[in-house]
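Novice: Structure below; questions to follow.
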Amino acid sequence: MTDVHVIGIGMTKFGRHPEHDAAELGGAALREAIEDAGIDARRIEAAYCGHVFQGMVTGQRILAHEGLAGLPLTNVENACSSGATAVREAALSIRAGEHDVVVAIGTEHLTSRFAGALTPDPSDPEAAVGATMPGVYAMRARRYMAEFGMSREQLALIPVKNKRNAARNPLAHFRKEISVADVLESRPIADPLNLMDCSPVTDGAAAVVLVSDRALRRHGADRAVRLAASALRSGSVDVEPTSMTFEPLTHNTANDAYEKAGIGPGDVDMAEVHDCFSIAEVLRVEGLGLFEQGAYPAAVERGDADIGGRLPINPSGGLLGKGHPLGGTGVAQVVEVVRQLRGEAGDRQIEGARVGLAHCRGGKAVGIEGAACTVQLLVR
Ligand code: COA
C-alpha cells in the first residue's frame with residue numbers, strides 16, 4: 001500500500017473577514033497550497049472539504065471558482081474535526097489506490113454564523129440546561145484544579161504561552177502578547193474561565209495537497225512530509241460517568257495513530273492540539289500521553305511546552321492565539337506541523353523537529369463522550 005505525503009500547504013490569515021465568504025477563503029487557501037506544491041492544478045484528481053456551518057455544497061463552490069469543477073468532491077462535517085477528517089478521507093482515497101493527487105480544504109466563516117458562546121445541538125438536554133461550550137470546559141477546569149491542585153495562575157500560563165507563539169505567526173487572529181494578569185483580569189465568561197481562556201470566533205481556511213508514492217516520485221521529494229498516520233474515532237456511549245479530567249476519546253484515537261505509524265508519544269518533537277479553552281490543552285496533551293496526567297500545569301510553568309522547551313505545544317499559537325474557524329482548524333494544524341518539519345516556520349521554528357502530531361476534538365452529543373477526534377502523525 002502506498003504512503004501518503006503532503007507536498008503543498010496554504011492558509012489564509014485567521015481573523016474577521018467581513019469582505020469574504022467561506023468559499024472565497026477556501027479558494028484562497030487552495031490556490032496557495034497548489035502553488036506551494038508546484039503542480040499543475042489539472043493533476044488534482046479529487047477534493048475533500050471540511051466545514052461545519054457553511055451550508056450545502058461549500059466545497060463545490062470553491063472548486064467552481066478555482067476552475068476545478070467536475071472533480072469528485074466530498075463535503076465533510078465532523079464538528080471541530082471536520083477539516084482534519086477531510087485530510088484523513090483524502091489520505092484514505094490515496095491509500096486505497098483510487099487517486100494519486102488529492103486536495104483537502106477546511107474553511108469556516110464563523111463570525112457571520114455565531115456571536116457569543118457556542119452551544120451543543122439545541123435538541124440535547126445539555127443545551128436545554130444552558131450548558132454552553134465555555135460552561136462545560138469551566139466545570140472540567142474546576143474539577144482538574146480539585147483533583148490535581150492546579151492553580152488559577154498555572155492555568156493562565158497556557159493562553160500566555162499560546163498568545164506569545166501567535167505573536168510570531170503572521171497568520172494568527174491575535175498577535176499581541178499577554179501576561180498572567182491580563183488573563184486573570186479579562187472578562188469572566190464561565191468561572192473560572194475568562195475571555196483569554198477561550199478560543200475566539202474566527203473566520204479562516206487552510207488547504208493541503210496530498211500525493212501517493214508514485215506521484216511523489218514524479219514530483220520530487222525535497223519538501224515532502226509523510227503523513228504516517230491519520231486516526232479518527234467518534235465518542236462512545238457513556239455507560240458510566242466519564243472522567244472530567246481524562247479523555248478516553250483522545251487517548252484511544254492517539255493509540256490508534258501511534259500503532260499505525262509505529263511511533264510512540266516519546267518520539268513526538270512538537271504538537272498542535274485542540275486548545276479550544278485553556279483547560280482543554282491540559283486534557284489533550286495528557287490524553288495523548290505526551291505528559292503524565294496531572295503534570296502538565298507544572299511543565300508549562302517550567303517552560304517545557306515553549307518553543308525551545310522539551311516538547312513545544314501549539315507553536316502556531318493554537319486555537320487560543322491563532323483562532324478557531326471550526327472547519328479550518330484541523331487543516332491549519334497540519335499546515336503548521338508541515339511548516340515546522342520543513343524548517344520554514346520563521347521566528348517560531350522548533351529546531352530539529354522531525355515528528356509532529358496534530359490533534360483535533362470536537363462536538364458534543366447527549367450520551368457520548370465528545371463527537372469526533374482525530375490524531376495525525378507527520379514525519380520528515
Ligand atoms: N483573545 C483576545 N481577544 C479576544 C478573544 C481572545 N481569546 N476572544 C475574543 N476576543 C476579543 C474579540 O476580538 C472582540 O474584540 P473587539 O471588541 O475589539 O472586536 C472582543 O474580545 C469581544 O469578542 P466577542 O467574540 O464579541 O465576545 P463574546 O462575548 O461574543 O464571545 C466567548 C466570547 C468567549 C463567549 C466566545 O468567543 C466563545 O464562545 N468562544 C469559544 C468558541 C467555541 O466554543 N468554539 C468551539 C470549541 S470546541
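Here's how to read the names in the C-alpha cells: chain A, B, ... by the order shown, residue numbers from 1 in each chain, ligand numbers from 1 in the order shown.
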Around ligand 1, at most 7 Å away and counting only C-alpha atoms and all ligand atoms, which residues are there? Put them as a ChimeraX atom specification, please.

Specialist: /A:80,115-118,133-134,174,189,195-201,276,320-321,324,326,362-363

Novice: Please list as a list in words every residue within 7 Å of A:Leu171, counting only C-alpha atoms and excluding residues in the same chain fewer than 3 positions away.

Specialist: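 What passes the distance filter is Thr12, Lys13 and Phe14 of chain A.
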
Novice: Could you please take those selected residues and save all heavy atoms as a short mmCIF file (atom, residue, chain, number, x, y, z; two decimals), in the first residue's frame?

Specialist:
data_model
loop_
_atom_site.label_atom_id
_atom_site.label_comp_id
_atom_site.auth_asym_id
_atom_site.auth_seq_id
_atom_site.Cartn_x
_atom_site.Cartn_y
_atom_site.Cartn_z
N THR A 12 -5.13 30.97 4.84
CA THR A 12 -5.43 32.41 4.85
C THR A 12 -5.05 32.97 6.21
O THR A 12 -4.85 32.21 7.17
CB THR A 12 -6.94 32.67 4.69
OG1 THR A 12 -7.62 32.16 5.85
CG2 THR A 12 -7.50 32.03 3.44
N LYS A 13 -5.03 34.26 6.32
CA LYS A 13 -4.94 34.86 7.65
C LYS A 13 -6.20 34.47 8.41
O LYS A 13 -7.29 34.44 7.85
CB LYS A 13 -4.83 36.38 7.51
CG LYS A 13 -4.98 37.15 8.80
CD LYS A 13 -3.82 38.08 9.04
CE LYS A 13 -4.00 38.90 10.32
NZ LYS A 13 -4.03 38.13 11.56
N PHE A 14 -6.07 34.09 9.67
CA PHE A 14 -7.23 33.83 10.52
C PHE A 14 -7.65 35.16 11.17
O PHE A 14 -6.80 35.96 11.55
CB PHE A 14 -6.89 32.81 11.61
CG PHE A 14 -6.94 31.37 11.14
CD1 PHE A 14 -7.02 31.04 9.81
CD2 PHE A 14 -6.93 30.34 12.08
CE1 PHE A 14 -7.08 29.70 9.40
CE2 PHE A 14 -6.99 29.00 11.68
CZ PHE A 14 -7.07 28.68 10.34
#

Novice: Can you tell me which residues surround stretch 216-226 of chain A at a distance of at most 6 Å, considering only C-alpha atoms, apart from same-chain residues fewer than 4 positions away, and format the answer as a PyMOL selection string?

Specialist: chain A and resi 4-7+378-380

Novice: Got time to write the residues from that selection, N, CA, C and O atoms, as a compact mmCIF listing (two decimals), in the first residue's frame?

Specialist:
# COMPACT_ATOMS: atom_id res chain seq x y z
N VAL A 4 1.39 8.20 2.08
CA VAL A 4 0.78 9.47 1.67
C VAL A 4 1.71 10.60 2.11
O VAL A 4 2.26 10.56 3.21
N HIS A 5 1.88 11.59 1.23
CA HIS A 5 2.81 12.68 1.51
C HIS A 5 2.13 14.02 1.29
O HIS A 5 1.35 14.17 0.35
N VAL A 6 2.46 14.98 2.15
CA VAL A 6 1.96 16.35 1.95
C VAL A 6 3.01 17.09 1.15
O VAL A 6 4.17 17.17 1.56
N ILE A 7 2.60 17.62 -0.02
CA ILE A 7 3.60 18.36 -0.84
C ILE A 7 3.23 19.84 -0.99
O ILE A 7 4.02 20.60 -1.55
N LEU A 378 2.89 13.20 11.49
CA LEU A 378 3.63 13.56 10.29
C LEU A 378 5.13 13.43 10.57
O LEU A 378 5.59 13.77 11.66
N VAL A 379 5.85 12.92 9.56
CA VAL A 379 7.26 12.60 9.76
C VAL A 379 8.07 13.13 8.59
O VAL A 379 7.68 13.02 7.43
N ARG A 380 9.24 13.66 8.90
CA ARG A 380 10.12 14.15 7.82
C ARG A 380 11.45 13.40 7.91
O ARG A 380 12.00 13.28 8.99

Novice: Can you work out which one of A:Val375, A:Ile279, A:Val211, A:Ala172 has the shortest atom-to-atom distance to A:Ala261, counting only C-alpha atoms?

Specialist: A:Val375

Novice: Give me the residues near A:Glu19 as a PyMOL selection string, where near means some atom within 12 Å (using only C-alpha atoms) and where sequence neighbours in that chain fewer than 6 positions away do not count.

Specialist: chain A and resi 25+109+111-112+203

Novice: With N, CA, C and O atoms retained, could you export that selection as a short mmCIF file (atom, residue, chain, number, x, y, z; two decimals), in the first residue's frame?

Specialist:
data_model
loop_
_atom_site.label_atom_id
_atom_site.label_comp_id
_atom_site.auth_asym_id
_atom_site.auth_seq_id
_atom_site.Cartn_x
_atom_site.Cartn_y
_atom_site.Cartn_z
N LEU A 25 -12.55 32.16 1.04
CA LEU A 25 -11.40 31.87 1.91
C LEU A 25 -10.81 30.50 1.55
O LEU A 25 -9.58 30.35 1.44
N HIS A 109 -16.62 30.46 7.91
CA HIS A 109 -16.86 31.88 8.16
C HIS A 109 -17.74 31.95 9.40
O HIS A 109 -18.95 32.06 9.32
N THR A 111 -17.79 34.14 12.00
CA THR A 111 -18.32 35.41 12.53
C THR A 111 -19.69 35.74 11.95
O THR A 111 -20.48 36.44 12.57
N SER A 112 -19.98 35.22 10.74
CA SER A 112 -21.31 35.50 10.17
C SER A 112 -22.35 34.49 10.64
O SER A 112 -23.53 34.61 10.33
N ASP A 203 -12.84 33.57 11.43
CA ASP A 203 -13.00 33.12 10.04
C ASP A 203 -11.63 32.70 9.51
O ASP A 203 -10.61 33.31 9.87
#

Novice: If you run DSSP over the backbone, which residues in stretch 74-310 of chain A end up strand (DSSP E)? Put them as a PyMOL selection string.

Specialist: chain A and resi 74-76+101-109+188-190+193-194+203-212+225-234+270-272

Novice: Using only C-alpha atoms, pick whichever of A:Thr132, A:Glu98, A:Lys176, A:Val209 has the shortest atom-to-atom distance to A:Ala47.

Specialist: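 Closest to A:Ala47 of all the choices is A:Val209.
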
Novice: Can you pull out every residue within 9 Å of stretch 238-248 of chain A, counting only C-alpha atoms, but drop anything in the same chain fewer than 4 positions away, and send it as a PyMOL selection string?

Specialist: chain A and resi 139-141+143-144+147+252-253+282-284+286-288+293-294+367-369

Novice: Please save N, CA, C and O atoms of the selected residues as a tab-separated table (two decimals), in the first residue's frame.

Specialist:
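Contents of selection-v2.tsv, as written:
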chain	number	residue	atom	x	y	z
A	139	MET	N	-16.41	23.67	34.04
A	139	MET	CA	-16.62	22.62	35.05
A	139	MET	C	-15.43	21.66	35.06
A	139	MET	O	-14.99	21.21	36.12
A	140	ARG	N	-14.91	21.38	33.88
A	140	ARG	CA	-13.77	20.45	33.81
A	140	ARG	C	-12.51	21.10	34.43
A	140	ARG	O	-11.71	20.43	35.08
A	141	ALA	N	-12.39	22.41	34.24
A	141	ALA	CA	-11.24	23.12	34.85
A	141	ALA	C	-11.32	23.05	36.37
A	141	ALA	O	-10.33	22.75	37.05
A	143	ARG	N	-12.81	20.87	38.20
A	143	ARG	CA	-12.59	19.50	38.65
A	143	ARG	C	-11.09	19.16	38.61
A	143	ARG	O	-10.55	18.54	39.53
A	144	TYR	N	-10.40	19.63	37.55
A	144	TYR	CA	-8.96	19.36	37.43
A	144	TYR	C	-8.21	20.07	38.57
A	144	TYR	O	-7.28	19.51	39.16
A	147	GLU	N	-8.70	17.98	41.65
A	147	GLU	CA	-8.02	16.68	41.66
A	147	GLU	C	-6.50	16.79	41.66
A	147	GLU	O	-5.81	15.99	42.29
A	252	ASN	N	-7.58	7.01	23.12
A	252	ASN	CA	-7.75	5.87	22.22
A	252	ASN	C	-7.43	6.22	20.77
A	252	ASN	O	-6.85	5.42	20.04
A	253	THR	N	-7.82	7.43	20.37
A	253	THR	CA	-7.51	7.85	18.99
A	253	THR	C	-6.00	7.96	18.82
A	253	THR	O	-5.44	7.55	17.79
A	282	VAL	N	-4.59	21.14	28.54
A	282	VAL	CA	-4.13	20.23	29.59
A	282	VAL	C	-4.69	18.83	29.35
A	282	VAL	O	-3.97	17.83	29.35
A	283	LEU	N	-6.00	18.77	29.13
A	283	LEU	CA	-6.67	17.47	28.97
A	283	LEU	C	-6.15	16.74	27.74
A	283	LEU	O	-6.03	15.52	27.73
A	284	ARG	N	-5.84	17.52	26.69
A	284	ARG	CA	-5.42	16.90	25.43
A	284	ARG	C	-4.00	16.35	25.51
A	284	ARG	O	-3.76	15.20	25.16
A	286	GLU	N	-2.33	15.46	27.99
A	286	GLU	CA	-2.27	14.32	28.91
A	286	GLU	C	-2.95	13.09	28.31
A	286	GLU	O	-2.46	11.97	28.43
A	287	GLY	N	-4.08	13.31	27.64
A	287	GLY	CA	-4.76	12.20	26.96
A	287	GLY	C	-3.90	11.59	25.86
A	287	GLY	O	-3.95	10.38	25.60
A	288	LEU	N	-3.12	12.43	25.19
A	288	LEU	CA	-2.25	11.96	24.10
A	288	LEU	C	-1.03	11.22	24.63
A	288	LEU	O	-0.26	10.64	23.84
A	293	GLN	N	-0.49	12.38	33.48
A	293	GLN	CA	-1.70	13.02	33.99
A	293	GLN	C	-1.40	13.81	35.27
A	293	GLN	O	-0.71	13.31	36.17
A	294	GLY	N	-1.85	15.04	35.31
A	294	GLY	CA	-1.63	15.90	36.48
A	294	GLY	C	-0.34	16.70	36.42
A	294	GLY	O	-0.10	17.58	37.25
A	367	GLY	N	-25.09	11.68	25.76
A	367	GLY	CA	-24.82	10.25	25.98
A	367	GLY	C	-23.46	9.79	25.51
A	367	GLY	O	-23.03	8.70	25.86
A	368	ILE	N	-22.77	10.59	24.68
A	368	ILE	CA	-21.44	10.14	24.23
A	368	ILE	C	-20.37	11.12	24.68
A	368	ILE	O	-20.64	12.29	24.94
A	369	GLU	N	-19.14	10.57	24.77
A	369	GLU	CA	-18.02	11.38	25.23
A	369	GLU	C	-17.42	12.11	24.03
A	369	GLU	O	-16.53	11.62	23.38

Novice: Using only C-alpha atoms, what table do you get, as a Markdown table, when you list each residue of stretch 56-105 of chain A with an atom no more than 12 Å from stretch 347-359 of chain A, its nearest pair of atoms, and their distance in Å rounded to one decimal, rows by chain then rising number?

Specialist:
| residue | atom | partner | partner_atom | distance |
| --- | --- | --- | --- | --- |
| A:Cys80 | CA | A:His359 | CA | 10.6 |
| A:Ser81 | CA | A:His359 | CA | 8.8 |
| A:Gly83 | CA | A:His359 | CA | 11.4 |
| A:Ala84 | CA | A:His359 | CA | 8.5 |
| A:Thr85 | CA | A:His359 | CA | 11.0 |
| A:Val87 | CA | A:Ala358 | CA | 11.4 |
| A:Arg88 | CA | A:Ala358 | CA | 11.9 |

Novice: Show me, as a PyMOL selection string, the residues that have an atom within 12 Å of stretch 27-30 of chain A when counting only C-alpha atoms, minus same-chain residues fewer than 5 positions from it.

Specialist: chain A and resi 8-14+20-22+35-37+41+44+47-49+58-68+102-108+171+204-209+328+331-332+335

Novice: Can you pull out every residue within 10 Å of A:Ile263, counting only C-alpha atoms, but drop anything in the same chain fewer than 2 positions away, and send it as a ChimeraX atom specification?

Specialist: /A:228-229,255,257-261,265-268,355,377,379

Novice: Counting only C-alpha atoms, which residue out of A:Val334, A:Val273, A:Val57, A:Arg361 sits closest to A:Ala305?

Specialist: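 Smallest separation from A:Ala305 among the options: A:Val273.
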
Novice: Given the choices A:Gly15, A:Pro120, A:Gly149, A:Pro297, which gets closest to A:Thr202 if the distance is worked out from only C-alpha atoms?

Specialist: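 Under the stated criterion, the closest residue is A:Gly15.
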
Novice: Just checking: using only C-alpha atoms, which residue out of A:Gly135, A:Gly343, A:Gly289, A:Gly262 ends up closest to A:Pro188?

Specialist: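 Using only C-alpha atoms, A:Pro188 sits closest to A:Gly135.
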
Novice: Would you list, as number ranges by chain, the residues of stretch 103-318 of chain A that end up in alpha helix (DSSP H) under DSSP run on this structure's backbone?

Specialist: A: 125-128, 133-148, 152-167, 180-185, 213-219, 248-261, 278-287, 296-302, 318

Novice: Which distance in Å separates atom CA of A:Pro170 and atom CA of A:Gly318, to one decimal?

Specialist: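 We find that atom CA of A:Pro170 and atom CA of A:Gly318 lie 13.2 Å from each other.
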